[in-house]
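Engineer: Provided herewith: data_15.txt, compact mmCIF, C-alpha atoms and all ligand atoms.
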```
# COMPACT_ATOMS: atom_id res chain seq x y z
CA MET A 1 -212.53 -147.73 155.56
CA LEU A 2 -211.00 -144.93 153.51
CA ALA A 3 -213.53 -142.27 152.62
CA VAL A 4 -213.33 -138.96 150.85
CA ARG A 5 -216.14 -136.43 150.78
CA ASP A 6 -216.51 -133.51 148.39
CA LEU A 7 -213.00 -133.87 147.01
CA THR A 8 -212.01 -131.04 144.70
CA LEU A 9 -208.80 -130.79 142.70
CA SER A 10 -207.47 -128.28 140.17
CA TYR A 11 -204.33 -127.72 138.16
CA GLY A 12 -203.91 -123.95 138.09
CA GLY A 13 -207.25 -122.59 136.99
CA SER A 14 -208.58 -125.79 135.49
CA VAL A 15 -210.88 -127.79 137.72
CA ILE A 16 -210.30 -131.51 137.18
CA ILE A 17 -212.43 -132.89 140.04
CA PRO A 18 -215.32 -130.60 140.96
CA GLY A 19 -216.50 -132.47 144.08
CA LEU A 20 -216.45 -136.23 144.47
CA ASP A 21 -217.29 -138.79 147.17
CA LEU A 22 -215.59 -142.16 147.29
CA THR A 23 -215.45 -144.97 149.84
CA ALA A 24 -213.00 -147.89 149.81
CA ARG A 25 -213.71 -150.58 152.38
CA THR A 26 -211.09 -152.56 154.26
CA GLY A 27 -210.76 -156.09 152.87
CA GLU A 28 -212.13 -155.07 149.50
CA VAL A 29 -210.73 -154.12 146.11
CA THR A 30 -212.34 -150.94 144.81
CA ALA A 31 -211.63 -150.76 141.09
CA LEU A 32 -211.64 -147.28 139.62
CA MET A 33 -212.05 -147.19 135.87
CA GLY A 34 -212.42 -144.59 133.17
CA LEU A 35 -210.97 -143.25 129.97
CA ASN A 36 -207.61 -141.48 129.79
CA GLY A 37 -207.70 -138.04 131.35
CA VAL A 38 -210.87 -138.39 133.47
CA GLY A 39 -208.89 -137.77 136.66
CA LYS A 40 -208.12 -141.21 138.10
CA THR A 41 -204.45 -140.49 138.77
CA SER A 42 -205.32 -137.04 140.13
CA LEU A 43 -207.78 -138.64 142.56
CA LEU A 44 -205.18 -141.12 143.82
CA LYS A 45 -202.62 -138.32 144.18
CA ALA A 46 -205.11 -136.34 146.23
CA LEU A 47 -205.79 -139.34 148.49
CA ALA A 48 -202.06 -139.89 148.89
CA GLY A 49 -201.50 -136.23 149.72
CA ARG A 50 -199.34 -135.75 146.64
CA HIS A 51 -201.49 -132.94 145.24
CA PRO A 52 -203.46 -130.30 147.15
CA SER A 53 -207.17 -130.92 147.20
CA GLY A 54 -210.32 -129.77 148.94
CA GLY A 55 -212.74 -131.94 150.87
CA THR A 56 -212.34 -134.30 153.79
CA THR A 57 -210.52 -137.62 153.80
CA THR A 58 -211.06 -140.00 156.70
CA PHE A 59 -209.93 -143.47 157.69
CA ASP A 60 -212.40 -145.29 159.95
CA GLY A 61 -214.04 -141.95 160.61
CA ILE A 62 -210.88 -140.13 161.68
CA ALA A 63 -209.88 -137.18 159.51
CA LEU A 64 -206.49 -137.47 157.82
CA ARG A 65 -204.12 -134.51 157.68
CA PRO A 66 -203.03 -133.27 154.26
CA GLY A 67 -199.61 -133.85 152.73
CA ALA A 68 -197.74 -136.90 151.48
CA ARG A 69 -195.83 -137.48 154.71
CA ALA A 70 -198.92 -137.28 156.92
CA ARG A 71 -200.83 -139.61 154.62
CA ALA A 72 -197.99 -142.15 154.49
CA ARG A 73 -197.75 -142.10 158.28
CA ALA A 74 -201.52 -142.61 158.44
CA GLY A 75 -201.06 -145.81 156.44
CA ILE A 76 -202.02 -144.64 152.97
CA ALA A 77 -199.55 -146.18 150.51
CA TYR A 78 -199.40 -145.08 146.91
CA VAL A 79 -197.91 -147.06 144.02
CA PRO A 80 -197.61 -144.51 141.24
CA GLN A 81 -198.18 -145.03 137.57
CA GLY A 82 -194.75 -145.56 136.05
CA ARG A 83 -193.52 -147.12 139.31
CA GLU A 84 -190.90 -144.50 140.27
CA VAL A 85 -188.35 -147.07 141.32
CA PHE A 86 -184.97 -145.46 142.13
CA PRO A 87 -182.78 -146.80 139.33
CA LEU A 88 -179.42 -146.45 141.06
CA LEU A 89 -180.51 -147.89 144.38
CA THR A 90 -180.55 -151.64 144.92
CA VAL A 91 -183.76 -153.57 145.45
CA GLN A 92 -183.00 -153.68 149.18
CA GLU A 93 -182.35 -149.93 149.28
CA ASN A 94 -185.51 -149.19 147.31
CA LEU A 95 -187.48 -151.22 149.84
CA GLU A 96 -185.81 -149.37 152.71
CA THR A 97 -187.01 -146.01 151.39
CA GLY A 98 -190.38 -147.16 152.77
CA PHE A 99 -188.86 -146.91 156.28
CA ALA A 100 -189.09 -143.11 156.21
CA CYS A 101 -192.64 -143.10 157.58
CA LEU A 102 -192.06 -145.86 160.17
CA SER A 103 -190.85 -145.64 163.76
CA ARG A 104 -187.36 -147.05 164.43
CA SER A 105 -188.67 -150.28 165.92
CA GLU A 106 -190.74 -150.94 162.79
CA ARG A 107 -187.88 -150.48 160.35
CA MET A 108 -187.53 -154.00 158.97
CA ILE A 109 -188.77 -155.70 155.83
CA PRO A 110 -191.32 -158.36 156.82
CA ASP A 111 -190.61 -161.84 155.40
CA ALA A 112 -194.18 -161.83 154.10
CA ILE A 113 -193.10 -159.35 151.45
CA PHE A 114 -190.58 -161.78 150.01
CA ASP A 115 -193.19 -164.54 150.21
CA LEU A 116 -195.37 -162.39 147.98
CA PHE A 117 -192.49 -161.46 145.68
CA PRO A 118 -189.83 -164.21 145.76
CA VAL A 119 -188.06 -162.65 142.77
CA LEU A 120 -187.17 -159.62 144.88
CA ASP A 121 -185.48 -161.84 147.45
CA GLN A 122 -183.20 -163.23 144.74
CA MET A 123 -182.48 -159.73 143.46
CA ARG A 124 -181.93 -157.79 146.69
CA GLY A 125 -178.50 -156.56 145.57
CA ARG A 126 -179.51 -155.71 142.00
CA ARG A 127 -180.03 -152.06 141.02
CA GLY A 128 -183.64 -151.02 140.48
CA GLY A 129 -182.84 -149.72 137.01
CA ASP A 130 -181.56 -153.16 135.95
CA LEU A 131 -184.89 -154.89 136.71
CA SER A 132 -187.48 -155.62 134.03
CA GLY A 133 -190.62 -153.47 133.97
CA GLY A 134 -192.60 -156.23 135.64
CA GLN A 135 -189.99 -156.70 138.37
CA GLN A 136 -189.94 -152.93 138.94
CA GLN A 137 -193.71 -152.97 139.35
CA GLN A 138 -193.40 -155.76 141.92
CA LEU A 139 -190.72 -153.74 143.69
CA ALA A 140 -192.95 -150.64 143.72
CA ILE A 141 -195.79 -152.62 145.30
CA ALA A 142 -193.43 -154.29 147.78
CA ARG A 143 -191.97 -150.89 148.76
CA ALA A 144 -195.49 -149.67 149.49
CA LEU A 145 -196.17 -152.76 151.62
CA VAL A 146 -193.03 -152.09 153.69
CA THR A 147 -194.93 -149.14 155.18
CA ARG A 148 -197.57 -151.59 156.62
CA PRO A 149 -200.43 -149.72 154.93
CA ARG A 150 -204.12 -149.71 155.83
CA ALA A 151 -204.92 -148.49 152.33
CA LEU A 152 -203.06 -149.38 149.15
CA LEU A 153 -203.56 -147.16 146.10
CA LEU A 154 -202.42 -148.83 142.89
CA ASP A 155 -202.21 -146.74 139.71
CA GLU A 156 -202.26 -148.95 136.61
CA PRO A 157 -200.04 -151.74 137.97
CA THR A 158 -200.29 -153.76 134.75
CA GLU A 159 -199.26 -150.99 132.35
CA GLY A 160 -196.57 -152.19 129.96
CA ILE A 161 -196.10 -155.52 131.74
CA GLN A 162 -195.90 -159.02 130.30
CA PRO A 163 -198.86 -161.38 130.89
CA SER A 164 -197.12 -163.80 133.28
CA ILE A 165 -196.22 -160.96 135.66
CA ILE A 166 -199.69 -159.41 135.31
CA ALA A 167 -201.08 -162.74 136.54
CA GLU A 168 -198.62 -162.71 139.48
CA ILE A 169 -199.64 -159.18 140.41
CA GLY A 170 -203.28 -160.25 140.28
CA ARG A 171 -202.52 -163.11 142.68
CA VAL A 172 -200.74 -160.72 145.06
CA ILE A 173 -203.74 -158.38 145.08
CA GLU A 174 -206.01 -161.36 145.80
CA ARG A 175 -203.79 -162.47 148.68
CA LEU A 176 -203.74 -158.97 150.17
CA ARG A 177 -207.49 -158.76 149.89
CA ALA A 178 -207.90 -162.17 151.54
CA GLU A 179 -205.81 -161.00 154.51
CA GLY A 180 -208.59 -158.45 155.00
CA GLU A 181 -206.38 -155.77 156.53
CA MET A 182 -206.30 -153.09 153.88
CA ALA A 183 -208.55 -151.12 151.60
CA ILE A 184 -207.23 -151.56 148.06
CA VAL A 185 -207.99 -148.96 145.40
CA LEU A 186 -207.06 -150.19 141.95
CA VAL A 187 -206.93 -147.78 139.01
CA GLU A 188 -206.78 -149.90 135.89
CA GLN A 189 -207.29 -149.54 132.14
CA ARG A 190 -207.15 -153.29 131.63
CA PHE A 191 -210.86 -153.97 132.07
CA ASP A 192 -210.80 -157.75 132.53
CA PHE A 193 -208.04 -157.55 135.11
CA ALA A 194 -209.93 -154.94 137.14
CA TRP A 195 -213.27 -156.69 136.78
CA ALA A 196 -211.86 -160.01 137.94
CA LEU A 197 -210.41 -158.52 141.10
CA ALA A 198 -213.05 -155.97 142.03
CA ASP A 199 -215.44 -156.21 144.93
CA ARG A 200 -216.73 -152.76 144.09
CA VAL A 201 -216.53 -150.94 140.78
CA VAL A 202 -216.40 -147.22 140.23
CA ALA A 203 -216.56 -145.53 136.83
CA MET A 204 -215.30 -141.98 136.35
CA ARG A 205 -216.01 -139.47 133.63
CA ARG A 206 -214.62 -135.95 133.54
CA GLY A 207 -213.80 -135.81 137.22
CA GLU A 208 -217.11 -137.27 138.34
CA ILE A 209 -218.27 -140.70 139.43
CA VAL A 210 -220.94 -141.98 137.07
CA HIS A 211 -221.29 -145.48 138.54
CA GLU A 212 -220.39 -146.91 141.94
CA ALA A 213 -221.70 -150.29 143.10
CA PRO A 214 -220.66 -153.77 144.16
CA ARG A 215 -219.47 -155.78 141.16
CA SER A 216 -222.25 -158.27 141.87
CA ASP A 217 -224.85 -155.52 141.25
CA THR A 218 -223.14 -154.21 138.11
CA ASP A 219 -223.85 -155.14 134.53
CA ARG A 220 -220.43 -155.90 133.03
CA ASP A 221 -221.26 -154.71 129.54
CA LYS A 222 -222.83 -151.46 130.72
CA LEU A 223 -219.77 -150.74 132.82
CA LEU A 224 -217.50 -151.56 129.91
CA SER A 225 -219.36 -149.08 127.72
CA LEU A 226 -219.02 -146.40 130.41
CA VAL A 227 -215.25 -146.77 130.64
CA SER A 228 -214.26 -147.39 127.03
CA VAL A 229 -214.25 -145.25 123.90
N1 LIG A 301 -199.64 -131.66 136.34
C1 LIG A 301 -200.71 -131.34 135.58
N2 LIG A 301 -200.91 -130.08 135.16
C2 LIG A 301 -201.99 -129.75 134.43
N3 LIG A 301 -202.94 -130.64 134.03
C3 LIG A 301 -202.77 -131.91 134.42
C4 LIG A 301 -201.66 -132.33 135.21
N4 LIG A 301 -201.78 -133.67 135.44
C5 LIG A 301 -202.91 -134.06 134.81
N5 LIG A 301 -203.50 -133.02 134.22
C6 LIG A 301 -204.77 -133.05 133.47
O1 LIG A 301 -205.77 -133.46 134.36
C7 LIG A 301 -206.69 -134.32 133.72
C8 LIG A 301 -206.79 -135.62 134.49
O2 LIG A 301 -205.54 -136.29 134.40
P1 LIG A 301 -205.26 -137.66 135.16
O3 LIG A 301 -203.84 -138.06 134.87
O4 LIG A 301 -205.66 -137.54 136.57
O5 LIG A 301 -206.28 -138.61 134.40
P2 LIG A 301 -206.31 -140.20 134.34
O6 LIG A 301 -207.75 -140.56 134.34
O7 LIG A 301 -205.46 -140.79 135.38
O8 LIG A 301 -205.71 -140.48 132.92
P3 LIG A 301 -204.61 -141.56 132.46
O9 LIG A 301 -205.36 -142.83 132.35
O10 LIG A 301 -204.18 -141.02 131.13
O11 LIG A 301 -203.52 -141.57 133.48
C9 LIG A 301 -206.22 -134.48 132.28
O12 LIG A 301 -206.94 -133.56 131.49
C10 LIG A 301 -204.76 -134.08 132.37
O13 LIG A 301 -204.34 -133.53 131.15
```
As structure tokens - that is how I would like this structure written.
Ligand SMILES: Nc1ncnc2c1ncn2[C@@H]1O[C@H](COP(=O)(O)OP(=O)(O)OP(=O)(O)O)[C@@H](O)[C@H]1O
Structural biologist:
Amino acid sequence: MLAVRDLTLSYGGSVIIPGLDLTARTGEVTALMGLNGVGKTSLLKALAGRHPSGGTTTFDGIALRPGARARARAGIAYVPQGREVFPLLTVQENLETGFACLSRSERMIPDAIFDLFPVLDQMRGRRGGDLSGGQQQQLAIARALVTRPRALLLDEPTEGIQPSIIAEIGRVIERLRAEGEMAIVLVEQRFDFAWALADRVVAMRRGEIVHEAPRSDTDRDKLLSLVSV
């Protein structure tokens, strides 16, 4: 279970997250929703150690050290908005960048990753920049999985992607959830996609959580009104 307590985050003098608690359970999808600019990406960056923050982050009760490298080694994998695929590296090389936080004996790409994303197997030698947006998103998720994460943080994985690939990404998230080995935090503007996958839903407004509950205890329309204009 990934948990953060009293998380604070600022850009210069402007406080974006004044103090927030969040828990993401292993084997569940925690969907984090909210309007543009409420701080969803900032929260994921803080969890991934990509931006300095205050508060305490733990996994199964053990405090995690700050910094991107420490968090990656602790099994926190981050799939950024916009994917950040290396355009000049091949698919295989992009996947191998995930090796950086693994010990030598772990540095291989599990076959399970190509089972999840068969298209990447066919395209191993293709440059990242030559892939479609949807294929790049699949590559970004696969690269995160290479690190054998205990927590997977996904920032708007459906943004700018065609419906057939959105459906495939949804199936991958369902499969990962069913394996029960990672806590999945899904930041998503596409309400129906997030709602369909969520075990737990969290709504943010201006750096604060205004609703957090199991999906089964949440009124869909009330949540929708909290996270839309
Ligand atoms: N590098 C930065 N420097 C200064 N302000 C920033 C920076 N990044 C984000 N912000 C501001 O912090 C606030 C939260 O941004 P953030 O990207 O975390 O929100 P978000 O909920 O993820 O929005 P979106 O859905 O648009 O990605 C916004 O007001 C944004 O303008």
Engineer: Find the spatial neighbours of A:Gly67, counting only C-alpha atoms, within a cut-off of 10 Å - ignore same-chain residues fewer than 4 positions away - and output them as a PyMOL selection string.
Structural biologist: chain A and resi 46-53+71-72
Engineer: What is the atom CA of A:Leu2-atom CA of A:Thr58 distance in Å, reported with one decimal?
Structural biologist: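 The value is 5.9 Å.
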Engineer: Taking a cut-off of 6 Å and counting all atoms listed in the file, can you build a table that, for each residue of stretch 43-63 of chain A near stretch 5-20 of chain A, reports the nearest atom pair and how far apart they are in Å (one decimal), sorted by chain then residue number, as a Markdown table?
Structural biologist:
```
| residue | atom | partner | partner_atom | distance |
| --- | --- | --- | --- | --- |
| A:Ser53 | CA | A:Leu9 | CA | 4.8 |
| A:Gly54 | CA | A:Thr8 | CA | 4.7 |
| A:Gly55 | CA | A:Leu7 | CA | 4.3 |
| A:Thr56 | CA | A:Arg5 | CA | 5.3 |
```
Engineer: Here is a test: counting all atoms listed in the file, which residue of A:Leu139, A:Ile173, A:Leu43, A:Leu186 is nearest to ligand LIG 301 (chain A)?
Structural biologist: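 The shortest atom-to-atom distance to ligand LIG 301 (chain A) comes from A:Leu43.
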Engineer: Taking all atoms listed in the file into account, report as a VMD selection string which residues have an atom no farther than 9 Å from an atom of ligand LIG 301 (chain A).
Structural biologist: chain A and resid 10 to 12 14 to 17 33 to 45 81 155 to 156 187 to 189 204 to 207
Engineer: Using only C-alpha atoms, find the one residue out of A:Leu131, A:Arg200, A:Asp115, A:Ile209 that sits nearest to A:Val172.
Structural biologist: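 When distances to A:Val172 are compared using only C-alpha atoms, the smallest one comes from A:Asp115.
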Engineer: Could you jot down the atom CA of A:Glu174 to atom CA of A:Leu145 separation for me, Å, one decimal place?
Structural biologist: 14.3 Å
Engineer: Which of these residues is nearest to A:Val202, using all atoms listed in the file: A:Met1, A:Val29, A:Ala112, A:Ala151?
Structural biologist: A:Val29
Engineer: As an exercise, work out the distance from atom CA of A:Arg73 to atom CA of A:Arg107 in Å and give it to one decimal place.
Structural biologist: 13.1 Å
Engineer: Show which residues sit within 10 Å of A:Ile166, as an mmCIF file with C-alpha atoms, in the frame of the given file. Count all atoms listed in the file, and ignore same-chain residues fewer than 4 positions away.
Structural biologist:
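Dumped everything to selection_19.cif:
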```
data_model
loop_
_atom_site.group_PDB
_atom_site.id
_atom_site.type_symbol
_atom_site.label_atom_id
_atom_site.label_comp_id
_atom_site.auth_asym_id
_atom_site.auth_seq_id
_atom_site.Cartn_x
_atom_site.Cartn_y
_atom_site.Cartn_z
ATOM 1 C CA GLY A 134 -192.600 -156.230 135.640
ATOM 2 C CA GLN A 137 -193.710 -152.970 139.350
ATOM 3 C CA GLN A 138 -193.400 -155.760 141.920
ATOM 4 C CA PRO A 157 -200.040 -151.740 137.970
ATOM 5 C CA THR A 158 -200.290 -153.760 134.750
ATOM 6 C CA GLU A 159 -199.260 -150.990 132.350
ATOM 7 C CA GLY A 160 -196.570 -152.190 129.960
ATOM 8 C CA ILE A 161 -196.100 -155.520 131.740
ATOM 9 C CA GLN A 162 -195.900 -159.020 130.300
ATOM 10 C CA GLY A 170 -203.280 -160.250 140.280
ATOM 11 C CA ARG A 171 -202.520 -163.110 142.680
ATOM 12 C CA VAL A 172 -200.740 -160.720 145.060
ATOM 13 C CA PHE A 193 -208.040 -157.550 135.110
#
```
Engineer: Need the shell around A:Met182: protein/DNA/RNA residues with any atom at most 12 Å away, counting all atoms listed in the file. Skip same-chain ones fewer than 2 positions apart. Format as a ChimeraX atom specification?
Structural biologist: /A:1-2,24-30,59-60,75-77,145,148-153,173-180,184-185
Engineer: For a quick check of understanding, using only C-alpha atoms, which of A:Arg104, A:Ala213, A:Thr90, A:Ala144 has the smallest distance to A:Asp121?
Structural biologist: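 The answer is A:Thr90, which sits nearest to A:Asp121.
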Engineer: Rank A:Thr147, A:Ser216, A:Ser228, A:Thr57 by their smallest atom-to-atom distance to A:Glu106, using only C-alpha atoms, and report the top residue only.
Structural biologist: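 When distances to A:Glu106 are compared using only C-alpha atoms, the smallest one comes from A:Thr147.
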Engineer: Would you mind telling me which residue in A:Ala74, A:Val119, A:Gly128, A:Ile113 lies nearest to A:Leu89 when using all atoms listed in the file?
Structural biologist: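 Smallest distance to A:Leu89 is found for A:Gly128.
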Engineer: If I put a ball of radius 12 Å at (-211.9, -153.9, 130.2) in the file's coordinates, which residues poke into it when counting all atoms listed in the file, written as number ranges by chain?
Structural biologist: A: 31-35, 187-197, 201, 203, 220-229
Engineer: Could you please fill out stretch 85-115 of chain A with N, CA and C atoms and send it back as a short mmCIF file (atom, residue, chain, number, x, y, z; two decimals), in the frame of the given file?
Structural biologist:
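So rebuild_34.cif came out as:
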```cif
data_model
loop_
_atom_site.label_atom_id
_atom_site.label_comp_id
_atom_site.auth_asym_id
_atom_site.auth_seq_id
_atom_site.Cartn_x
_atom_site.Cartn_y
_atom_site.Cartn_z
N VAL A 85 -189.43 -146.35 140.64
CA VAL A 85 -188.35 -147.07 141.32
C VAL A 85 -187.07 -146.24 141.19
N PHE A 86 -186.24 -146.20 142.23
CA PHE A 86 -184.97 -145.46 142.13
C PHE A 86 -183.96 -146.33 141.38
N PRO A 87 -183.55 -145.90 140.18
CA PRO A 87 -182.78 -146.80 139.33
C PRO A 87 -181.38 -147.14 139.85
N LEU A 88 -180.79 -146.21 140.61
CA LEU A 88 -179.42 -146.45 141.06
C LEU A 88 -179.36 -147.12 142.42
N LEU A 89 -180.49 -147.19 143.10
CA LEU A 89 -180.51 -147.89 144.38
C LEU A 89 -180.79 -149.37 144.14
N THR A 90 -180.27 -150.20 145.03
CA THR A 90 -180.55 -151.64 144.92
C THR A 90 -182.00 -151.91 145.31
N VAL A 91 -182.42 -153.14 145.04
CA VAL A 91 -183.76 -153.57 145.45
C VAL A 91 -183.93 -153.37 146.96
N GLN A 92 -182.94 -153.84 147.72
CA GLN A 92 -183.00 -153.68 149.18
C GLN A 92 -183.14 -152.20 149.57
N GLU A 93 -182.32 -151.36 148.93
CA GLU A 93 -182.35 -149.93 149.28
C GLU A 93 -183.68 -149.29 148.86
N ASN A 94 -184.20 -149.70 147.71
CA ASN A 94 -185.51 -149.19 147.31
C ASN A 94 -186.55 -149.55 148.35
N LEU A 95 -186.50 -150.79 148.83
CA LEU A 95 -187.48 -151.22 149.84
C LEU A 95 -187.32 -150.39 151.12
N GLU A 96 -186.06 -150.10 151.45
CA GLU A 96 -185.81 -149.37 152.71
C GLU A 96 -186.27 -147.92 152.64
N THR A 97 -186.49 -147.38 151.44
CA THR A 97 -187.01 -146.01 151.39
C THR A 97 -188.40 -145.96 152.03
N GLY A 98 -189.07 -147.10 152.09
CA GLY A 98 -190.38 -147.16 152.77
C GLY A 98 -190.26 -146.96 154.28
N PHE A 99 -189.03 -147.06 154.83
CA PHE A 99 -188.86 -146.91 156.28
C PHE A 99 -189.13 -145.49 156.75
N ALA A 100 -189.05 -144.53 155.81
CA ALA A 100 -189.09 -143.11 156.21
C ALA A 100 -190.31 -142.77 157.06
N CYS A 101 -191.44 -143.47 156.80
CA CYS A 101 -192.64 -143.10 157.58
C CYS A 101 -192.89 -144.07 158.73
N LEU A 102 -191.89 -144.89 159.07
CA LEU A 102 -192.06 -145.86 160.17
C LEU A 102 -191.24 -145.44 161.39
N SER A 103 -191.67 -145.88 162.58
CA SER A 103 -190.85 -145.64 163.76
C SER A 103 -189.64 -146.58 163.70
N ARG A 104 -188.60 -146.25 164.50
CA ARG A 104 -187.36 -147.05 164.43
C ARG A 104 -187.60 -148.54 164.63
N SER A 105 -188.45 -148.86 165.59
CA SER A 105 -188.67 -150.28 165.92
C SER A 105 -189.37 -151.04 164.78
N GLU A 106 -190.01 -150.27 163.88
CA GLU A 106 -190.74 -150.94 162.79
C GLU A 106 -189.89 -151.09 161.53
N ARG A 107 -188.66 -150.56 161.58
CA ARG A 107 -187.88 -150.48 160.35
C ARG A 107 -187.22 -151.81 159.98
N MET A 108 -188.04 -152.75 159.54
CA MET A 108 -187.53 -154.00 158.97
C MET A 108 -188.47 -154.42 157.84
N ILE A 109 -187.93 -155.25 156.95
CA ILE A 109 -188.77 -155.70 155.83
C ILE A 109 -189.38 -157.04 156.23
N PRO A 110 -190.70 -157.10 156.38
CA PRO A 110 -191.32 -158.36 156.82
C PRO A 110 -191.06 -159.48 155.80
N ASP A 111 -190.83 -160.70 156.30
CA ASP A 111 -190.61 -161.84 155.40
C ASP A 111 -191.78 -162.04 154.45
N ALA A 112 -192.97 -161.64 154.92
CA ALA A 112 -194.18 -161.83 154.10
C ALA A 112 -194.03 -161.14 152.75
N ILE A 113 -193.25 -160.07 152.72
CA ILE A 113 -193.10 -159.35 151.45
C ILE A 113 -192.33 -160.21 150.44
N PHE A 114 -191.33 -160.91 150.93
CA PHE A 114 -190.58 -161.78 150.01
C PHE A 114 -191.35 -163.07 149.69
N ASP A 115 -192.29 -163.43 150.57
CA ASP A 115 -193.19 -164.54 150.21
C ASP A 115 -194.08 -164.13 149.05
#
```
